[in-house]
file query06.tsv (TSV, N, CA and C atoms and all ligand atoms)
chain	number	residue	atom	x	y	z
V	27	MET	N	8.41	-14.45	-16.99
V	27	MET	CA	6.98	-14.11	-16.96
V	27	MET	C	6.81	-12.69	-16.43
V	28	ALA	N	5.89	-11.95	-16.98
V	28	ALA	CA	5.67	-10.57	-16.55
V	28	ALA	C	5.13	-10.53	-15.13
V	29	MET	N	5.51	-9.51	-14.40
V	29	MET	CA	5.01	-9.36	-13.03
V	29	MET	C	3.57	-8.86	-13.07
V	30	SER	N	2.83	-9.16	-11.99
V	30	SER	CA	1.48	-8.58	-11.86
V	30	SER	C	1.45	-7.78	-10.57
V	31	MET	N	0.53	-6.86	-10.48
V	31	MET	CA	0.48	-5.98	-9.30
V	31	MET	C	-0.25	-6.67	-8.15
V	32	PRO	N	0.39	-6.80	-6.98
V	32	PRO	CA	-0.27	-7.42	-5.83
V	32	PRO	C	-1.43	-6.56	-5.35
V	33	LYS	N	-2.55	-7.19	-5.06
V	33	LYS	CA	-3.73	-6.47	-4.58
V	33	LYS	C	-3.57	-6.10	-3.10
V	34	ILE	N	-4.27	-5.07	-2.69
V	34	ILE	CA	-4.33	-4.67	-1.29
V	34	ILE	C	-5.57	-5.33	-0.71
V	35	SER	N	-5.37	-6.37	0.10
V	35	SER	CA	-6.52	-7.14	0.59
V	35	SER	C	-7.32	-6.37	1.62
V	36	SER	N	-6.65	-5.50	2.40
V	36	SER	CA	-7.37	-4.66	3.36
V	36	SER	C	-6.51	-3.46	3.72
V	37	CYS	N	-7.19	-2.40	4.14
V	37	CYS	CA	-6.48	-1.22	4.64
V	37	CYS	C	-7.27	-0.64	5.80
V	38	GLU	N	-6.62	-0.55	6.95
V	38	GLU	CA	-7.26	-0.05	8.19
V	38	GLU	C	-7.36	1.47	8.22
V	39	VAL	N	-6.76	2.14	7.26
V	39	VAL	CA	-6.64	3.60	7.35
V	39	VAL	C	-7.89	4.25	6.76
V	40	THR	N	-8.93	4.29	7.58
V	40	THR	CA	-10.25	4.70	7.07
V	40	THR	C	-10.36	6.20	6.82
V	41	ASP	N	-9.43	7.00	7.33
V	41	ASP	CA	-9.51	8.44	7.03
V	41	ASP	C	-8.79	8.82	5.73
V	42	CYS	N	-8.31	7.84	4.99
V	42	CYS	CA	-7.72	8.11	3.68
V	42	CYS	C	-8.86	8.27	2.66
V	43	SER	N	-8.69	9.20	1.75
V	43	SER	CA	-9.72	9.47	0.73
V	43	SER	C	-10.01	8.25	-0.15
V	44	TYR	N	-9.03	7.38	-0.30
V	44	TYR	CA	-9.20	6.21	-1.18
V	44	TYR	C	-9.78	5.01	-0.46
V	45	ASN	N	-10.10	5.15	0.84
V	45	ASN	CA	-10.58	4.02	1.64
V	45	ASN	C	-12.10	4.03	1.77
V	46	SER	N	-12.71	2.92	1.45
V	46	SER	CA	-14.12	2.68	1.77
V	46	SER	C	-14.23	1.26	2.28
V	47	ASP	N	-14.90	1.08	3.41
V	47	ASP	CA	-15.10	-0.25	4.00
V	47	ASP	C	-13.80	-1.01	4.20
V	48	LYS	N	-12.75	-0.28	4.62
V	48	LYS	CA	-11.44	-0.88	4.89
V	48	LYS	C	-10.85	-1.56	3.65
V	49	LYS	N	-11.18	-1.02	2.49
V	49	LYS	CA	-10.58	-1.45	1.23
V	49	LYS	C	-10.02	-0.21	0.52
V	50	CYS	N	-8.95	-0.42	-0.24
V	50	CYS	CA	-8.35	0.66	-1.00
V	50	CYS	C	-8.94	0.65	-2.41
V	51	HIS	N	-9.29	1.83	-2.92
V	51	HIS	CA	-9.97	1.90	-4.21
V	51	HIS	C	-9.26	2.78	-5.23
V	52	THR	N	-7.96	3.01	-5.04
V	52	THR	CA	-7.23	3.64	-6.13
V	52	THR	C	-6.58	2.54	-6.98
V	53	MET	N	-6.22	2.85	-8.18
V	53	MET	CA	-5.69	1.82	-9.09
V	53	MET	C	-4.40	1.21	-8.54
V	54	ALA	N	-3.50	2.09	-8.07
V	54	ALA	CA	-2.19	1.60	-7.64
V	54	ALA	C	-1.57	2.57	-6.65
V	55	ILE	N	-0.98	2.02	-5.61
V	55	ILE	CA	-0.28	2.85	-4.62
V	55	ILE	C	1.23	2.71	-4.82
V	56	THR	N	1.95	3.67	-4.27
V	56	THR	CA	3.40	3.58	-4.18
V	56	THR	C	3.75	3.42	-2.71
V	57	VAL	N	4.63	2.47	-2.43
V	57	VAL	CA	4.99	2.14	-1.04
V	57	VAL	C	6.47	2.45	-0.82
V	58	GLY	N	6.75	2.90	0.39
V	58	GLY	CA	8.14	2.96	0.84
V	58	GLY	C	8.83	4.29	0.64
V	59	ASP	N	9.63	4.65	1.65
V	59	ASP	CA	10.57	5.76	1.52
V	59	ASP	C	11.89	5.29	2.10
V	60	GLN	N	12.73	6.19	2.43
V	60	GLN	CA	14.05	5.80	2.93
V	60	GLN	C	13.98	5.03	4.24
V	61	SER	N	12.96	5.31	5.07
V	61	SER	CA	12.97	4.77	6.42
V	61	SER	C	11.96	3.66	6.67
V	62	CYS	N	10.83	3.64	5.98
V	62	CYS	CA	9.86	2.59	6.26
V	62	CYS	C	8.95	2.34	5.06
V	63	ALA	N	8.12	1.31	5.22
V	63	ALA	CA	7.27	0.86	4.11
V	63	ALA	C	5.92	1.58	4.15
V	64	MET	N	5.96	2.89	4.14
V	64	MET	CA	4.71	3.63	4.26
V	64	MET	C	3.98	3.72	2.91
V	65	CYS	N	2.66	3.89	2.98
V	65	CYS	CA	1.87	4.10	1.77
V	65	CYS	C	1.99	5.57	1.39
V	66	ASP	N	2.71	5.85	0.34
V	66	ASP	CA	2.92	7.23	-0.11
V	66	ASP	C	1.68	7.81	-0.76
V	67	THR	N	0.71	6.97	-1.06
V	67	THR	CA	-0.50	7.44	-1.75
V	67	THR	C	-1.57	7.88	-0.76
V	68	PHE	N	-1.33	7.67	0.54
V	68	PHE	CA	-2.29	8.13	1.56
V	68	PHE	C	-2.66	9.58	1.27
V	69	THR	N	-3.96	9.86	1.28
V	69	THR	CA	-4.46	11.21	0.98
V	69	THR	C	-5.58	11.53	1.95
V	70	LYS	N	-5.44	12.65	2.64
V	70	LYS	CA	-6.49	13.06	3.56
V	70	LYS	C	-7.14	14.33	3.05
V	71	MET	N	-8.30	14.17	2.43
V	71	MET	CA	-9.08	15.30	1.93
V	71	MET	C	-10.54	15.05	2.29
V	72	SER	N	-11.36	16.09	2.27
V	72	SER	CA	-12.78	15.91	2.57
V	72	SER	C	-13.44	15.10	1.45
V	73	LYS	N	-12.87	15.17	0.26
V	73	LYS	CA	-13.42	14.48	-0.89
V	73	LYS	C	-12.96	13.01	-0.92
V	74	LYS	N	-13.86	12.10	-1.28
V	74	LYS	CA	-13.49	10.70	-1.49
V	74	LYS	C	-12.91	10.54	-2.89
V	75	GLY	N	-11.94	9.62	-3.06
V	75	GLY	CA	-11.33	9.41	-4.36
V	75	GLY	C	-11.35	7.96	-4.75
V	76	GLY	N	-10.84	7.66	-5.91
V	76	GLY	CA	-10.79	6.30	-6.42
V	76	GLY	C	-12.11	5.87	-7.02
V	77	ASP	N	-12.21	4.59	-7.31
V	77	ASP	CA	-13.39	4.00	-7.93
V	77	ASP	C	-13.81	2.82	-7.05
V	78	ILE	N	-15.03	2.84	-6.54
V	78	ILE	CA	-15.50	1.81	-5.61
V	78	ILE	C	-15.44	0.42	-6.25
V	79	GLY	N	-15.45	0.35	-7.58
V	79	GLY	CA	-15.38	-0.94	-8.27
V	79	GLY	C	-13.97	-1.47	-8.44
V	80	VAL	N	-12.99	-0.67	-8.00
V	80	VAL	CA	-11.58	-1.04	-8.16
V	80	VAL	C	-11.02	-1.51	-6.82
V	81	THR	N	-10.27	-2.60	-6.83
V	81	THR	CA	-9.48	-3.00	-5.66
V	81	THR	C	-8.05	-2.54	-5.91
V	82	GLY	N	-7.54	-1.72	-4.98
V	82	GLY	CA	-6.21	-1.14	-5.14
V	82	GLY	C	-5.12	-2.19	-5.20
V	83	ALA	N	-4.01	-1.82	-5.81
V	83	ALA	CA	-2.87	-2.72	-5.95
V	83	ALA	C	-1.58	-1.92	-5.71
V	84	VAL	N	-0.48	-2.65	-5.60
V	84	VAL	CA	0.83	-2.01	-5.40
V	84	VAL	C	1.45	-1.74	-6.76
V	85	GLY	N	1.64	-0.48	-7.07
V	85	GLY	CA	2.25	-0.11	-8.34
V	85	GLY	C	3.76	-0.19	-8.28
V	86	ALA	N	4.33	0.31	-7.19
V	86	ALA	CA	5.79	0.31	-7.02
V	86	ALA	C	6.09	0.32	-5.54
V	87	CYS	N	7.23	-0.24	-5.18
V	87	CYS	CA	7.64	-0.24	-3.77
V	87	CYS	C	9.13	0.03	-3.66
V	88	ARG	N	9.47	1.03	-2.85
V	88	ARG	CA	10.88	1.41	-2.66
V	88	ARG	C	11.50	0.79	-1.41
V	89	ALA	N	10.73	-0.09	-0.72
V	89	ALA	CA	11.25	-0.72	0.50
V	89	ALA	C	12.15	-1.89	0.10
V	90	ASP	N	13.35	-1.57	-0.29
V	90	ASP	CA	14.29	-2.57	-0.81
V	90	ASP	C	14.71	-3.58	0.25
V	91	ASN	N	14.50	-3.25	1.53
V	91	ASN	CA	14.88	-4.15	2.61
V	91	ASN	C	13.79	-5.16	2.96
V	92	CYS	N	12.70	-5.19	2.20
V	92	CYS	CA	11.64	-6.19	2.42
V	92	CYS	C	11.94	-7.42	1.59
V	93	LYS	N	11.67	-8.59	2.16
V	93	LYS	CA	12.00	-9.83	1.43
V	93	LYS	C	11.13	-10.03	0.20
V	94	TYR	N	10.01	-9.35	0.13
V	94	TYR	CA	9.14	-9.47	-1.05
V	94	TYR	C	9.53	-8.51	-2.16
V	95	ASN	N	10.51	-7.66	-1.90
V	95	ASN	CA	10.89	-6.65	-2.88
V	95	ASN	C	11.92	-7.19	-3.87
V	96	LYS	N	11.61	-7.05	-5.12
V	96	LYS	CA	12.56	-7.46	-6.16
V	96	LYS	C	12.60	-6.35	-7.21
V	97	SER	N	13.78	-5.80	-7.39
V	97	SER	CA	13.95	-4.71	-8.36
V	97	SER	C	13.00	-3.56	-8.09
V	98	LEU	N	12.80	-3.26	-6.82
V	98	LEU	CA	11.94	-2.16	-6.37
V	98	LEU	C	10.47	-2.34	-6.79
V	99	GLU	N	10.06	-3.60	-6.92
V	99	GLU	CA	8.67	-3.97	-7.15
V	99	GLU	C	8.28	-5.00	-6.09
V	100	CYS	N	6.97	-5.11	-5.82
V	100	CYS	CA	6.48	-6.05	-4.80
V	100	CYS	C	6.12	-7.38	-5.46
V	101	THR	N	6.61	-8.47	-4.87
V	101	THR	CA	6.29	-9.81	-5.41
V	101	THR	C	5.38	-10.60	-4.47
V	102	ALA	N	4.84	-9.97	-3.42
V	102	ALA	CA	3.91	-10.67	-2.52
V	102	ALA	C	2.61	-10.97	-3.28
V	103	GLY	N	1.89	-11.98	-2.83
V	103	GLY	CA	0.61	-12.31	-3.47
V	103	GLY	C	-0.40	-11.20	-3.30
V	104	ASN	N	-0.45	-10.65	-2.10
V	104	ASN	CA	-1.27	-9.48	-1.80
V	104	ASN	C	-0.69	-8.84	-0.54
V	105	ILE	N	-1.16	-7.66	-0.21
V	105	ILE	CA	-0.63	-6.99	0.99
V	105	ILE	C	-1.77	-6.44	1.85
V	106	MET	N	-1.44	-6.16	3.11
V	106	MET	CA	-2.36	-5.47	4.02
V	106	MET	C	-1.70	-4.16	4.43
V	107	VAL	N	-2.51	-3.14	4.61
V	107	VAL	CA	-2.01	-1.83	5.04
V	107	VAL	C	-2.69	-1.45	6.35
V	108	GLY	N	-1.93	-0.86	7.25
V	108	GLY	CA	-2.48	-0.44	8.54
V	108	GLY	C	-1.71	0.74	9.09
V	109	MET	N	-2.10	1.18	10.28
V	109	MET	CA	-1.46	2.34	10.91
V	109	MET	C	-0.19	1.92	11.64
V	110	HIS	N	0.81	2.79	11.57
V	110	HIS	CA	2.04	2.61	12.33
V	110	HIS	C	2.61	3.99	12.60
V	111	SER	N	2.77	4.34	13.88
V	111	SER	CA	3.31	5.65	14.26
V	111	SER	C	2.60	6.78	13.50
V	112	SER	N	1.29	6.74	13.50
V	112	SER	CA	0.41	7.76	12.92
V	112	SER	C	0.54	7.93	11.40
V	113	HIS	N	1.06	6.91	10.72
V	113	HIS	CA	0.98	6.95	9.26
V	113	HIS	C	0.64	5.55	8.73
V	114	ALA	N	0.30	5.49	7.45
V	114	ALA	CA	-0.10	4.22	6.83
V	114	ALA	C	1.13	3.44	6.40
V	115	ASP	N	1.20	2.18	6.81
V	115	ASP	CA	2.35	1.33	6.49
V	115	ASP	C	1.88	0.02	5.87
V	116	CYS	N	2.72	-0.56	5.04
V	116	CYS	CA	2.48	-1.92	4.55
V	116	CYS	C	2.77	-2.89	5.69
V	117	LYS	N	1.72	-3.61	6.13
V	117	LYS	CA	1.86	-4.55	7.24
V	117	LYS	C	2.42	-5.90	6.78
V	118	THR	N	2.53	-6.08	5.50
V	118	THR	CA	3.07	-7.33	4.96
V	118	THR	C	4.61	-7.25	4.88
V	119	PHE	N	5.14	-6.07	5.10
V	119	PHE	CA	6.60	-5.90	5.10
V	119	PHE	C	7.25	-6.95	5.98
V	120	SER	N	8.29	-7.55	5.48
V	120	SER	CA	9.07	-8.51	6.27
V	120	SER	C	10.53	-8.28	5.93
V	121	ALA	N	11.32	-7.97	6.95
V	121	ALA	CA	12.73	-7.64	6.69
V	121	ALA	C	13.47	-8.84	6.11
V	122	ARG	N	14.36	-8.59	5.22
V	122	ARG	CA	15.18	-9.65	4.63
V	122	ARG	C	16.02	-10.32	5.70
K	201	LIG	S1	-3.62	1.63	0.91
K	201	LIG	FE1	-2.89	3.76	1.05
K	201	LIG	S2	-4.04	4.89	-0.56
K	201	LIG	FE2	-5.10	2.94	-0.20
K	201	LIG	S3	-6.70	3.41	1.30
K	201	LIG	FE3	-4.89	2.67	2.43
K	201	LIG	S4	-3.74	4.51	2.98
K	201	LIG	FE4	-5.18	5.09	1.35
K	202	LIG	S1	5.23	-6.54	1.05
K	202	LIG	FE1	7.25	-5.59	0.99
K	202	LIG	S2	7.70	-5.31	-1.20
K	202	LIG	FE2	5.48	-5.60	-0.99
K	202	LIG	S3	4.61	-3.52	-0.81
K	202	LIG	FE3	4.96	-4.29	1.27
K	202	LIG	S4	7.00	-3.52	1.83
K	202	LIG	FE4	6.81	-3.39	-0.41

call {"tool": "encode", "arguments": {"input": "query06.tsv", "output": "structure tokens", "more": "lines below"}}
Ligand code: SF4
Ligand code: SF4
result
Amino acid sequence: MAMSMPKISSCEVTDCSYNSDKKCHTMAITVGDQSCAMCDTFTKMSKKGGDIGVTGAVGACRADNCKYNKSLECTAGNIMVGMHSSHADCKTFSAR
């Protein structure tokens, strides 16, 4: 069966351009780098972005050490994003 993109149920990072009312409004984020499950799509600009009618989803995730990661994609039902060490991280991350 084809995979579907997990929705972002909430995001605490209110200074991101894609955040309104603690929800993400870009079509899809990319998560993860070599060291942690950070939201690579975090954007800090004076301008707001995304579409208020859209609930953001996970497009791709490079956090291969998360138990929800399969073939560098996220298989969680949905995820939450929050602050960690002054950057945005996937709080649903769970080490294998
Ligand atoms: S999930 Fe990422 S892109 Fe979306 S609002 Fe939060 S920090 Fe911004
Ligand atoms: S739950 Fe795991 S696989 Fe899904 S986006 Fe977060 S870190 Fe990536």

call {"tool": "closest_residue", "arguments": {"input": "query06.tsv", "among": "V:Ser46, V:Ser112, V:Thr118, V:Ser97", "to": "ligand LIG 201 (chain K)", "atoms": "all atoms listed in the file"}}
result
V:Ser46

call {"tool": "residues_near_ligand", "arguments": {"input": "query06.tsv", "ligand": "ligand LIG 201 (chain K)", "cutoff": "6 Å", "atoms": "only C-alpha atoms and all ligand atoms", "output": "ChimeraX atom specification"}}
result
/V:37,39,42,44-45,50,55,65,67-68,107,114

call {"tool": "write_last_selection", "arguments": {"input": "query06.tsv", "atoms": "N, CA and C atoms", "output": "PDB file, in the frame of the given file"}}
result
ATOM      1  N   CYS V  37      -7.190  -2.400   4.140  1.00  0.00           N
ATOM      2  CA  CYS V  37      -6.480  -1.220   4.640  1.00  0.00           C
ATOM      3  C   CYS V  37      -7.270  -0.640   5.800  1.00  0.00           C
ATOM      4  N   VAL V  39      -6.760   2.140   7.260  1.00  0.00           N
ATOM      5  CA  VAL V  39      -6.640   3.600   7.350  1.00  0.00           C
ATOM      6  C   VAL V  39      -7.890   4.250   6.760  1.00  0.00           C
ATOM      7  N   CYS V  42      -8.310   7.840   4.990  1.00  0.00           N
ATOM      8  CA  CYS V  42      -7.720   8.110   3.680  1.00  0.00           C
ATOM      9  C   CYS V  42      -8.860   8.270   2.660  1.00  0.00           C
ATOM     10  N   TYR V  44      -9.030   7.380  -0.300  1.00  0.00           N
ATOM     11  CA  TYR V  44      -9.200   6.210  -1.180  1.00  0.00           C
ATOM     12  C   TYR V  44      -9.780   5.010  -0.460  1.00  0.00           C
ATOM     13  N   ASN V  45     -10.100   5.150   0.840  1.00  0.00           N
ATOM     14  CA  ASN V  45     -10.580   4.020   1.640  1.00  0.00           C
ATOM     15  C   ASN V  45     -12.100   4.030   1.770  1.00  0.00           C
ATOM     16  N   CYS V  50      -8.950  -0.420  -0.240  1.00  0.00           N
ATOM     17  CA  CYS V  50      -8.350   0.660  -1.000  1.00  0.00           C
ATOM     18  C   CYS V  50      -8.940   0.650  -2.410  1.00  0.00           C
ATOM     19  N   ILE V  55      -0.980   2.020  -5.610  1.00  0.00           N
ATOM     20  CA  ILE V  55      -0.280   2.850  -4.620  1.00  0.00           C
ATOM     21  C   ILE V  55       1.230   2.710  -4.820  1.00  0.00           C
ATOM     22  N   CYS V  65       2.660   3.890   2.980  1.00  0.00           N
ATOM     23  CA  CYS V  65       1.870   4.100   1.770  1.00  0.00           C
ATOM     24  C   CYS V  65       1.990   5.570   1.390  1.00  0.00           C
ATOM     25  N   THR V  67       0.710   6.970  -1.060  1.00  0.00           N
ATOM     26  CA  THR V  67      -0.500   7.440  -1.750  1.00  0.00           C
ATOM     27  C   THR V  67      -1.570   7.880  -0.760  1.00  0.00           C
ATOM     28  N   PHE V  68      -1.330   7.670   0.540  1.00  0.00           N
ATOM     29  CA  PHE V  68      -2.290   8.130   1.560  1.00  0.00           C
ATOM     30  C   PHE V  68      -2.660   9.580   1.270  1.00  0.00           C
ATOM     31  N   VAL V 107      -2.510  -3.140   4.610  1.00  0.00           N
ATOM     32  CA  VAL V 107      -2.010  -1.830   5.040  1.00  0.00           C
ATOM     33  C   VAL V 107      -2.690  -1.450   6.350  1.00  0.00           C
ATOM     34  N   ALA V 114       0.300   5.490   7.450  1.00  0.00           N
ATOM     35  CA  ALA V 114      -0.100   4.220   6.830  1.00  0.00           C
ATOM     36  C   ALA V 114       1.130   3.440   6.400  1.00  0.00           C
TER      37      ALA V 114
END

call {"tool": "residues_near_ligand", "arguments": {"input": "query06.tsv", "ligand": "ligand LIG 202 (chain K)", "cutoff": "12 Å", "atoms": "only C-alpha atoms and all ligand atoms", "output": "NGL selection string"}}
result
:V and (30-35 or 54-66 or 82-108 or 114-122)

call {"tool": "select_by_dssp", "arguments": {"input": "query06.tsv", "residues": "chain V", "states": "strand (DSSP E)", "output": "MDAnalysis selection string"}}
result
chainID V and resid 33:37 45:46 49:50 54:57 83:87 95:96 99:100 104:110 113:116

call {"tool": "closest_residue", "arguments": {"input": "query06.tsv", "among": "V:His110, V:Lys49, V:Ser43, V:Ser36", "to": "Gly76 in chain V", "atoms": "only N, CA and C atoms"}}
result
V:Ser43

call {"tool": "atom_distance", "arguments": {"input": "query06.tsv", "atom1": "atom N of Asp47 in chain V", "atom2": "atom C of Ser111 in chain V"}}
result
21.0 Å

call {"tool": "atom_distance", "arguments": {"input": "query06.tsv", "atom1": "atom N of Val80 in chain V", "atom2": "atom C of Met29 in chain V"}}
result
19.2 Å

call {"tool": "atom_distance", "arguments": {"input": "query06.tsv", "atom1": "CA of Met109 in chain V", "atom2": "CA of Lys73 in chain V"}}
result
20.7 Å

call {"tool": "closest_residue", "arguments": {"input": "query06.tsv", "among": "V:Ala28, V:Thr40, V:Lys70, V:Ile78", "to": "Thr52 in chain V", "atoms": "all atoms listed in the file"}}
result
V:Ile78

call {"tool": "build_atoms", "arguments": {"input": "query06.tsv", "residues": "range 54-70 of chain V", "atoms": "N, CA, C and O atoms", "output": "compact mmCIF listing (two decimals), keeping the file's coordinate frame"}}
result
# COMPACT_ATOMS: atom_id res chain seq x y z
N ALA V 54 -3.50 2.09 -8.07
CA ALA V 54 -2.19 1.60 -7.64
C ALA V 54 -1.57 2.57 -6.65
O ALA V 54 -1.66 3.79 -6.85
N ILE V 55 -0.98 2.02 -5.61
CA ILE V 55 -0.28 2.85 -4.62
C ILE V 55 1.23 2.71 -4.82
O ILE V 55 1.71 1.75 -5.43
N THR V 56 1.95 3.67 -4.27
CA THR V 56 3.40 3.58 -4.18
C THR V 56 3.75 3.42 -2.71
O THR V 56 3.20 4.11 -1.85
N VAL V 57 4.63 2.47 -2.43
CA VAL V 57 4.99 2.14 -1.04
C VAL V 57 6.47 2.45 -0.82
O VAL V 57 7.30 2.24 -1.71
N GLY V 58 6.75 2.90 0.39
CA GLY V 58 8.14 2.96 0.84
C GLY V 58 8.83 4.29 0.64
O GLY V 58 8.62 4.98 -0.35
N ASP V 59 9.63 4.65 1.65
CA ASP V 59 10.57 5.76 1.52
C ASP V 59 11.89 5.29 2.10
O ASP V 59 12.11 4.09 2.27
N GLN V 60 12.73 6.19 2.43
CA GLN V 60 14.05 5.80 2.93
C GLN V 60 13.98 5.03 4.24
O GLN V 60 14.82 4.18 4.52
N SER V 61 12.96 5.31 5.07
CA SER V 61 12.97 4.77 6.42
C SER V 61 11.96 3.66 6.67
O SER V 61 12.18 2.80 7.51
N CYS V 62 10.83 3.64 5.98
CA CYS V 62 9.86 2.59 6.26
C CYS V 62 8.95 2.34 5.06
O CYS V 62 9.00 3.06 4.06
N ALA V 63 8.12 1.31 5.22
CA ALA V 63 7.27 0.86 4.11
C ALA V 63 5.92 1.58 4.15
O ALA V 63 4.86 0.96 4.20
N MET V 64 5.96 2.89 4.14
CA MET V 64 4.71 3.63 4.26
C MET V 64 3.98 3.72 2.91
O MET V 64 4.61 3.63 1.85
N CYS V 65 2.66 3.89 2.98
CA CYS V 65 1.87 4.10 1.77
C CYS V 65 1.99 5.57 1.39
O CYS V 65 1.40 6.43 2.03
N ASP V 66 2.71 5.85 0.34
CA ASP V 66 2.92 7.23 -0.11
C ASP V 66 1.68 7.81 -0.76
O ASP V 66 1.64 9.01 -1.01
N THR V 67 0.71 6.97 -1.06
CA THR V 67 -0.50 7.44 -1.75
C THR V 67 -1.57 7.88 -0.76
O THR V 67 -2.60 8.43 -1.16
N PHE V 68 -1.33 7.67 0.54
CA PHE V 68 -2.29 8.13 1.56
C PHE V 68 -2.66 9.58 1.27
O PHE V 68 -1.79 10.44 1.08
N THR V 69 -3.96 9.86 1.28
CA THR V 69 -4.46 11.21 0.98
C THR V 69 -5.58 11.53 1.95
O THR V 69 -6.54 10.77 2.07
N LYS V 70 -5.44 12.65 2.64
CA LYS V 70 -6.49 13.06 3.56
C LYS V 70 -7.14 14.33 3.05
O LYS V 70 -6.58 15.42 3.16
